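Have a look at model_24.tsv below; it lists TSV, C-alpha atoms.
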```tsv
chain	number	residue	atom	x	y	z
N	1	MET	CA	2.08	8.18	78.61
N	2	ASP	CA	3.44	8.99	75.16
N	3	THR	CA	3.07	5.91	72.94
N	4	ARG	CA	4.26	7.54	69.72
N	5	VAL	CA	6.98	5.75	67.78
N	6	GLN	CA	10.25	7.63	68.00
N	7	PRO	CA	11.87	7.82	64.52
N	8	LYS	CA	15.44	7.53	65.86
N	9	SER	CA	14.66	4.14	67.42
N	10	LEU	CA	13.16	2.58	64.32
N	11	THR	CA	14.12	-0.86	63.01
N	12	PRO	CA	15.17	-1.00	59.33
N	13	ALA	CA	11.70	-2.31	58.41
N	14	ALA	CA	9.99	0.47	60.36
N	15	ARG	CA	12.30	3.05	58.74
N	16	ALA	CA	11.34	1.76	55.28
N	17	ILE	CA	7.64	1.87	56.22
N	18	LEU	CA	7.85	5.40	57.59
N	19	ASP	CA	9.83	6.65	54.59
N	20	SER	CA	7.26	5.17	52.20
N	21	ALA	CA	4.31	6.41	54.23
N	22	SER	CA	5.78	9.91	54.53
N	23	ARG	CA	6.27	10.23	50.78
N	24	LEU	CA	2.91	8.70	49.89
N	25	PHE	CA	0.93	10.64	52.52
N	26	TYR	CA	2.49	13.89	51.38
N	27	GLU	CA	2.15	13.26	47.64
N	28	GLN	CA	-1.24	11.49	47.56
N	29	GLY	CA	-2.97	12.30	50.84
N	30	ILE	CA	-3.46	10.49	54.11
N	31	ASN	CA	-6.97	9.29	53.32
N	32	SER	CA	-6.06	8.16	49.79
N	33	VAL	CA	-3.21	5.88	50.83
N	34	GLY	CA	-3.95	2.58	52.52
N	35	VAL	CA	-1.70	0.26	54.48
N	36	ASP	CA	-1.60	-2.17	51.54
N	37	THR	CA	-0.05	0.50	49.34
N	38	ILE	CA	2.42	1.57	52.02
N	39	SER	CA	3.56	-1.96	52.85
N	40	ALA	CA	3.98	-2.82	49.15
N	41	ASP	CA	5.96	0.36	48.54
N	42	ALA	CA	8.16	-0.33	51.58
N	43	GLY	CA	8.71	-3.95	50.56
N	44	VAL	CA	7.24	-5.40	53.74
N	45	THR	CA	4.11	-7.32	54.64
N	46	LYS	CA	1.06	-5.63	56.07
N	47	LYS	CA	1.64	-7.66	59.24
N	48	THR	CA	5.09	-6.11	59.57
N	49	LEU	CA	3.58	-2.64	59.23
N	50	TYR	CA	1.12	-3.35	62.03
N	51	ASP	CA	3.81	-5.02	64.15
N	52	GLN	CA	5.98	-1.91	63.83
N	53	PHE	CA	3.34	0.83	64.16
N	54	GLY	CA	0.17	-0.78	65.50
N	55	SER	CA	-2.23	1.17	63.30
N	56	LYS	CA	-2.45	3.52	60.36
N	57	ALA	CA	-3.29	6.34	62.80
N	58	ALA	CA	-0.03	5.72	64.68
N	59	LEU	CA	1.85	5.74	61.36
N	60	VAL	CA	0.25	9.09	60.47
N	61	VAL	CA	1.37	10.45	63.85
N	62	ALA	CA	4.91	9.17	63.27
N	63	TYR	CA	4.96	10.81	59.82
N	64	LEU	CA	3.81	14.17	61.19
N	65	ASP	CA	6.05	13.94	64.27
N	66	GLU	CA	9.13	13.34	62.19
N	67	ARG	CA	8.23	16.08	59.73
N	68	ASP	CA	7.62	18.48	62.61
N	69	GLN	CA	10.98	17.67	64.19
N	70	ASP	CA	12.77	18.03	60.86
N	71	TYR	CA	11.18	21.46	60.38
N	72	ARG	CA	12.10	22.57	63.92
N	73	ASP	CA	15.69	21.50	63.27
N	74	TRP	CA	15.63	23.41	59.95
N	75	VAL	CA	14.47	26.59	61.72
N	76	ALA	CA	17.05	26.16	64.48
N	77	ARG	CA	19.87	25.84	61.91
N	78	THR	CA	18.62	28.96	60.12
N	79	LEU	CA	18.56	30.92	63.37
N	80	THR	CA	22.15	29.94	64.20
N	81	GLU	CA	23.21	31.65	60.97
N	82	VAL	CA	21.82	35.00	62.17
N	83	ASP	CA	24.30	37.03	64.22
N	84	ASP	CA	21.87	39.73	65.28
N	85	ASP	CA	19.74	38.97	68.35
N	86	GLY	CA	17.14	41.56	67.40
N	87	ASP	CA	14.32	41.49	64.87
N	88	ALA	CA	16.53	39.78	62.26
N	89	LYS	CA	16.02	36.47	64.07
N	90	VAL	CA	12.25	36.95	64.05
N	91	LEU	CA	12.33	37.59	60.31
N	92	ALA	CA	14.65	34.62	59.79
N	93	VAL	CA	11.76	32.34	60.79
N	94	PHE	CA	9.96	33.52	57.64
N	95	ASP	CA	13.12	32.85	55.61
N	96	ALA	CA	13.39	29.38	57.13
N	97	LEU	CA	9.83	28.51	56.19
N	98	GLN	CA	10.33	29.87	52.68
N	99	SER	CA	13.41	27.68	52.12
N	100	TRP	CA	11.74	24.68	53.81
N	101	MET	CA	8.76	24.94	51.49
N	102	ASP	CA	11.04	25.37	48.48
N	103	GLU	CA	13.05	22.27	49.38
N	104	HIS	CA	10.71	20.00	51.35
N	105	SER	CA	7.14	21.12	50.69
N	106	PRO	CA	6.70	21.82	46.98
N	107	LEU	CA	3.06	20.68	47.21
N	108	GLY	CA	2.30	22.96	50.17
N	109	CYS	CA	2.26	22.55	53.92
N	110	ALA	CA	1.90	18.93	55.05
N	111	PHE	CA	0.19	20.08	58.26
N	112	VAL	CA	-2.38	22.15	56.36
N	113	HIS	CA	-3.06	19.16	54.11
N	114	ALA	CA	-3.31	16.74	57.06
N	115	HIS	CA	-5.63	19.04	58.98
N	116	SER	CA	-7.99	19.34	56.04
N	117	GLU	CA	-8.05	15.56	55.62
N	118	LEU	CA	-8.66	14.90	59.31
N	119	VAL	CA	-11.57	17.31	59.72
N	120	GLY	CA	-14.38	15.46	61.45
N	121	THR	CA	-12.00	13.13	63.27
N	122	ALA	CA	-11.46	15.10	66.46
N	123	ASP	CA	-10.23	12.01	68.28
N	124	HIS	CA	-7.43	11.28	65.77
N	125	PRO	CA	-4.10	11.43	67.64
N	126	ALA	CA	-2.52	13.44	64.80
N	127	HIS	CA	-4.42	16.55	65.91
N	128	GLU	CA	-2.11	16.84	68.92
N	129	VAL	CA	0.93	16.92	66.63
N	130	LEU	CA	-0.70	19.46	64.30
N	131	ARG	CA	-1.65	21.79	67.18
N	132	GLY	CA	1.74	21.34	68.82
N	133	GLY	CA	3.61	22.29	65.67
N	134	LYS	CA	1.68	25.50	65.21
N	135	LEU	CA	1.89	26.47	68.89
N	136	TRP	CA	5.63	25.85	68.79
N	137	ILE	CA	5.98	28.56	66.14
N	138	LYS	CA	3.92	30.95	68.26
N	139	ASP	CA	6.10	30.23	71.30
N	140	LEU	CA	9.24	30.66	69.20
N	141	PHE	CA	8.00	34.07	68.03
N	142	ALA	CA	7.23	35.02	71.64
N	143	ASP	CA	10.75	34.05	72.75
N	144	LEU	CA	12.44	35.82	69.85
N	145	THR	CA	10.43	39.04	70.17
N	146	ARG	CA	11.03	39.05	73.94
N	147	GLU	CA	14.78	38.61	73.34
N	148	ALA	CA	14.63	41.46	70.82
N	149	GLY	CA	13.23	43.72	73.55
N	150	HIS	CA	9.59	43.95	72.53
N	151	PRO	CA	7.47	44.47	75.64
N	152	ASP	CA	4.30	42.87	74.27
N	153	ALA	CA	5.88	39.67	72.98
N	154	ASP	CA	2.82	37.50	73.56
N	155	SER	CA	0.55	39.70	71.47
N	156	LEU	CA	3.22	40.12	68.80
N	157	SER	CA	3.73	36.36	68.60
N	158	VAL	CA	0.06	35.82	67.71
N	159	GLN	CA	0.22	38.51	65.04
N	160	LEU	CA	3.41	37.05	63.57
N	161	LEU	CA	1.93	33.55	63.66
N	162	THR	CA	-1.11	34.85	61.80
N	163	LEU	CA	1.12	36.33	59.10
N	164	ILE	CA	3.26	33.23	58.63
N	165	GLU	CA	0.34	30.80	58.71
N	166	GLY	CA	-1.67	32.93	56.31
N	167	ALA	CA	1.27	32.94	53.91
N	168	THR	CA	1.66	29.18	54.33
N	169	VAL	CA	-1.97	28.56	53.47
N	170	LEU	CA	-1.87	30.95	50.51
N	171	ARG	CA	1.21	29.25	49.16
N	172	SER	CA	-0.29	25.80	49.76
N	173	ILE	CA	-3.71	26.42	48.30
N	174	SER	CA	-3.35	29.34	45.89
N	175	ASP	CA	0.11	28.62	44.47
N	176	LEU	CA	1.36	32.08	45.44
N	177	PRO	CA	5.13	31.75	45.95
N	178	GLU	CA	5.33	35.46	46.75
N	179	ALA	CA	3.08	35.02	49.82
N	180	MET	CA	5.94	34.30	52.24
N	181	PRO	CA	8.15	37.26	51.17
N	182	ALA	CA	5.06	39.49	51.43
N	183	ALA	CA	4.35	38.16	54.94
N	184	ARG	CA	7.99	38.78	55.89
N	185	ARG	CA	7.73	42.41	54.74
N	186	ALA	CA	4.51	42.80	56.73
N	187	ALA	CA	6.24	41.30	59.77
N	188	ALA	CA	9.11	43.78	59.43
N	189	THR	CA	6.60	46.65	59.33
N	190	LEU	CA	4.80	45.22	62.38
N	191	LEU	CA	8.06	44.94	64.33
N	192	ARG	CA	9.09	48.50	63.43
N	193	SER	CA	5.72	49.85	64.56
N	194	ALA	CA	5.98	47.88	67.81
N	195	ASN	CA	9.26	49.69	68.52
N	196	ALA	CA	7.82	53.12	67.74
```

Target encoding structure tokens, full file:
Amino acid sequence: MDTRVQPKSLTPAARAILDSASRLFYEQGINSVGVDTISADAGVTKKTLYDQFGSKAALVVAYLDERDQDYRDWVARTLTEVDDDGDAKVLAVFDALQSWMDEHSPLGCAFVHAHSELVGTADHPAHEVLRGGKLWIKDLFADLTREAGHPDADSLSVQLLTLIEGATVLRSISDLPEAMPAARRAAATLLRSANA
């Protein structure tokens, strides 16, 4: 049974808590921010935080869940702007991530940051969200390459995921804003060679 808090059903207090936690976790790190800081920032008591979310771990999951859904919606909107059903939609995923990082992730990928902070905590429920988000991109690439007529969509999806995730990490850790455009160009070359 899924016990995660659904952001759309949040009370005003829970919304304030999640908004504060999301900003603080992203800007300062999950491990660096305690429930005292979050509750003070949200203007609620610590008891209210626990009443609404149950635990800091559940709050971390809610933060990552909401961020993941917002990103998926961002990609979906980007794809609706592409008329071509071929490789242009595949490449638009790279464009979507570039604009998402420009607008919503100036400090790098929240999932990369969360994963690095949660190393050694294999039982943390956030790992499911982190894995799910990355596998969703792989599945999206598989669907898009299949729709574009590529016969080996499953293999291509892993290669494309490797390119986009590598660029995400480079941009997050090495401050290389040109990483995503370079990955997009590599993806275009890969797709052309798959059609040859």

Local residues around (9.9, -3.0, 50.5), at most 10 Å away, using all atoms listed in the file, as a list in words: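 Every residue inside that radius is included here: Ala13, Ala16, Ile17, Ser20, Ile38, Ser39, Ala40, Asp41, Ala42, Gly43, Val44 and Thr45 of chain N.
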
Report as a short mmCIF file (atom, residue, chain, number, x, y, z; two decimals) with C-alpha atoms, keeping the file's coordinate frame all protein, DNA and RNA residues lying within 10 Å of Asp65 of chain N, evaluated on all atoms listed in the file, omitting residues in the same chain fewer than 2 positions from it.
```
data_model
loop_
_atom_site.label_atom_id
_atom_site.label_comp_id
_atom_site.auth_asym_id
_atom_site.auth_seq_id
_atom_site.Cartn_x
_atom_site.Cartn_y
_atom_site.Cartn_z
CA ARG N 4 4.26 7.54 69.72
CA VAL N 5 6.98 5.75 67.78
CA GLN N 6 10.25 7.63 68.00
CA PRO N 7 11.87 7.82 64.52
CA LEU N 59 1.85 5.74 61.36
CA VAL N 60 0.25 9.09 60.47
CA VAL N 61 1.37 10.45 63.85
CA ALA N 62 4.91 9.17 63.27
CA TYR N 63 4.96 10.81 59.82
CA ARG N 67 8.23 16.08 59.73
CA ASP N 68 7.62 18.48 62.61
CA GLN N 69 10.98 17.67 64.19
CA ASP N 70 12.77 18.03 60.86
CA TYR N 71 11.18 21.46 60.38
CA ALA N 126 -2.52 13.44 64.80
CA GLU N 128 -2.11 16.84 68.92
CA VAL N 129 0.93 16.92 66.63
CA LEU N 130 -0.70 19.46 64.30
CA GLY N 132 1.74 21.34 68.82
CA GLY N 133 3.61 22.29 65.67
#
```

Selection: 12 Å around Asn31 of chain N, only C-alpha atoms, excl. self and same-chain fewer than 3 positions, as a VMD selection string: chain N and resid 21 24 to 28 34 to 35 37 56 to 57 60 113 to 119 121

Output file for the residues above (C-alpha atoms, as an mmCIF file, in the frame of the given file):
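Once everything was written out, this is result28.cif:
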```
data_model
loop_
_atom_site.group_PDB
_atom_site.id
_atom_site.type_symbol
_atom_site.label_atom_id
_atom_site.label_comp_id
_atom_site.auth_asym_id
_atom_site.auth_seq_id
_atom_site.Cartn_x
_atom_site.Cartn_y
_atom_site.Cartn_z
ATOM 1 C CA ALA N 21 4.310 6.410 54.230
ATOM 2 C CA LEU N 24 2.910 8.700 49.890
ATOM 3 C CA PHE N 25 0.930 10.640 52.520
ATOM 4 C CA TYR N 26 2.490 13.890 51.380
ATOM 5 C CA GLU N 27 2.150 13.260 47.640
ATOM 6 C CA GLN N 28 -1.240 11.490 47.560
ATOM 7 C CA GLY N 34 -3.950 2.580 52.520
ATOM 8 C CA VAL N 35 -1.700 0.260 54.480
ATOM 9 C CA THR N 37 -0.050 0.500 49.340
ATOM 10 C CA LYS N 56 -2.450 3.520 60.360
ATOM 11 C CA ALA N 57 -3.290 6.340 62.800
ATOM 12 C CA VAL N 60 0.250 9.090 60.470
ATOM 13 C CA HIS N 113 -3.060 19.160 54.110
ATOM 14 C CA ALA N 114 -3.310 16.740 57.060
ATOM 15 C CA HIS N 115 -5.630 19.040 58.980
ATOM 16 C CA SER N 116 -7.990 19.340 56.040
ATOM 17 C CA GLU N 117 -8.050 15.560 55.620
ATOM 18 C CA LEU N 118 -8.660 14.900 59.310
ATOM 19 C CA VAL N 119 -11.570 17.310 59.720
ATOM 20 C CA THR N 121 -12.000 13.130 63.270
#
```

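Of the residues under consideration (N:Ala96, N:Leu191, N:Ile173, N:Ala122), N:Leu191 shows the shortest atom-to-atom contact distance to Ala153 of chain N when counting all atoms listed in the file.
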
Atom-to-atom span, atom CA of Asn195 of chain N and atom CA of Phe141 of chain N, Å: 15.7 Å

One-decimal distance in Å that lies between atom CA of Pro12 of chain N and atom CA of Val75 of chain N: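 Computing it gives 27.7 Å between the two atoms.
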
Atom pair atom CA of Ala182 of chain N / atom CA of Lys138 of chain N: separation (Å):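 Interatomic distance, atom CA of Ala182 of chain N to atom CA of Lys138 of chain N: 18.9 Å.
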
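You can rank N:Ala76, N:Asp102, N:Asp85, N:Ala194 by their closest distance to Ile137 of chain N using only C-alpha atoms, and at the top of that list sits N:Ala76.
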
Got a minute to add N, CA, C and O atoms to segment 182-193 of chain N and dump it as a compact mmCIF listing (two decimals), in the coordinates of the input?
```txt
# COMPACT_ATOMS: atom_id res chain seq x y z
N ALA N 182 5.99 38.41 51.07
CA ALA N 182 5.06 39.49 51.43
C ALA N 182 4.76 39.47 52.92
O ALA N 182 4.70 40.53 53.58
N ALA N 183 4.59 38.28 53.49
CA ALA N 183 4.35 38.16 54.94
C ALA N 183 5.58 38.63 55.72
O ALA N 183 5.45 39.27 56.77
N ARG N 184 6.76 38.33 55.21
CA ARG N 184 7.99 38.78 55.89
C ARG N 184 8.06 40.30 55.92
O ARG N 184 8.43 40.90 56.93
N ARG N 185 7.73 40.94 54.78
CA ARG N 185 7.73 42.41 54.74
C ARG N 185 6.70 42.98 55.71
O ARG N 185 6.97 43.96 56.41
N ALA N 186 5.53 42.35 55.78
CA ALA N 186 4.51 42.80 56.73
C ALA N 186 4.99 42.62 58.17
O ALA N 186 4.74 43.47 59.04
N ALA N 187 5.70 41.54 58.43
CA ALA N 187 6.24 41.30 59.77
C ALA N 187 7.27 42.37 60.13
O ALA N 187 7.30 42.85 61.27
N ALA N 188 8.12 42.73 59.17
CA ALA N 188 9.11 43.78 59.43
C ALA N 188 8.43 45.10 59.77
O ALA N 188 8.84 45.81 60.70
N THR N 189 7.36 45.43 59.05
CA THR N 189 6.60 46.65 59.33
C THR N 189 5.98 46.56 60.73
O THR N 189 6.01 47.53 61.50
N LEU N 190 5.41 45.42 61.06
CA LEU N 190 4.80 45.22 62.38
C LEU N 190 5.84 45.41 63.48
O LEU N 190 5.57 46.08 64.50
N LEU N 191 7.01 44.83 63.31
CA LEU N 191 8.06 44.94 64.33
C LEU N 191 8.55 46.38 64.48
O LEU N 191 8.78 46.84 65.60
N ARG N 192 8.68 47.08 63.36
CA ARG N 192 9.09 48.50 63.43
C ARG N 192 8.06 49.32 64.18
O ARG N 192 8.38 50.15 65.02
N SER N 193 6.77 49.07 63.89
CA SER N 193 5.72 49.85 64.56
C SER N 193 5.62 49.50 66.04
O SER N 193 5.29 50.35 66.87
```
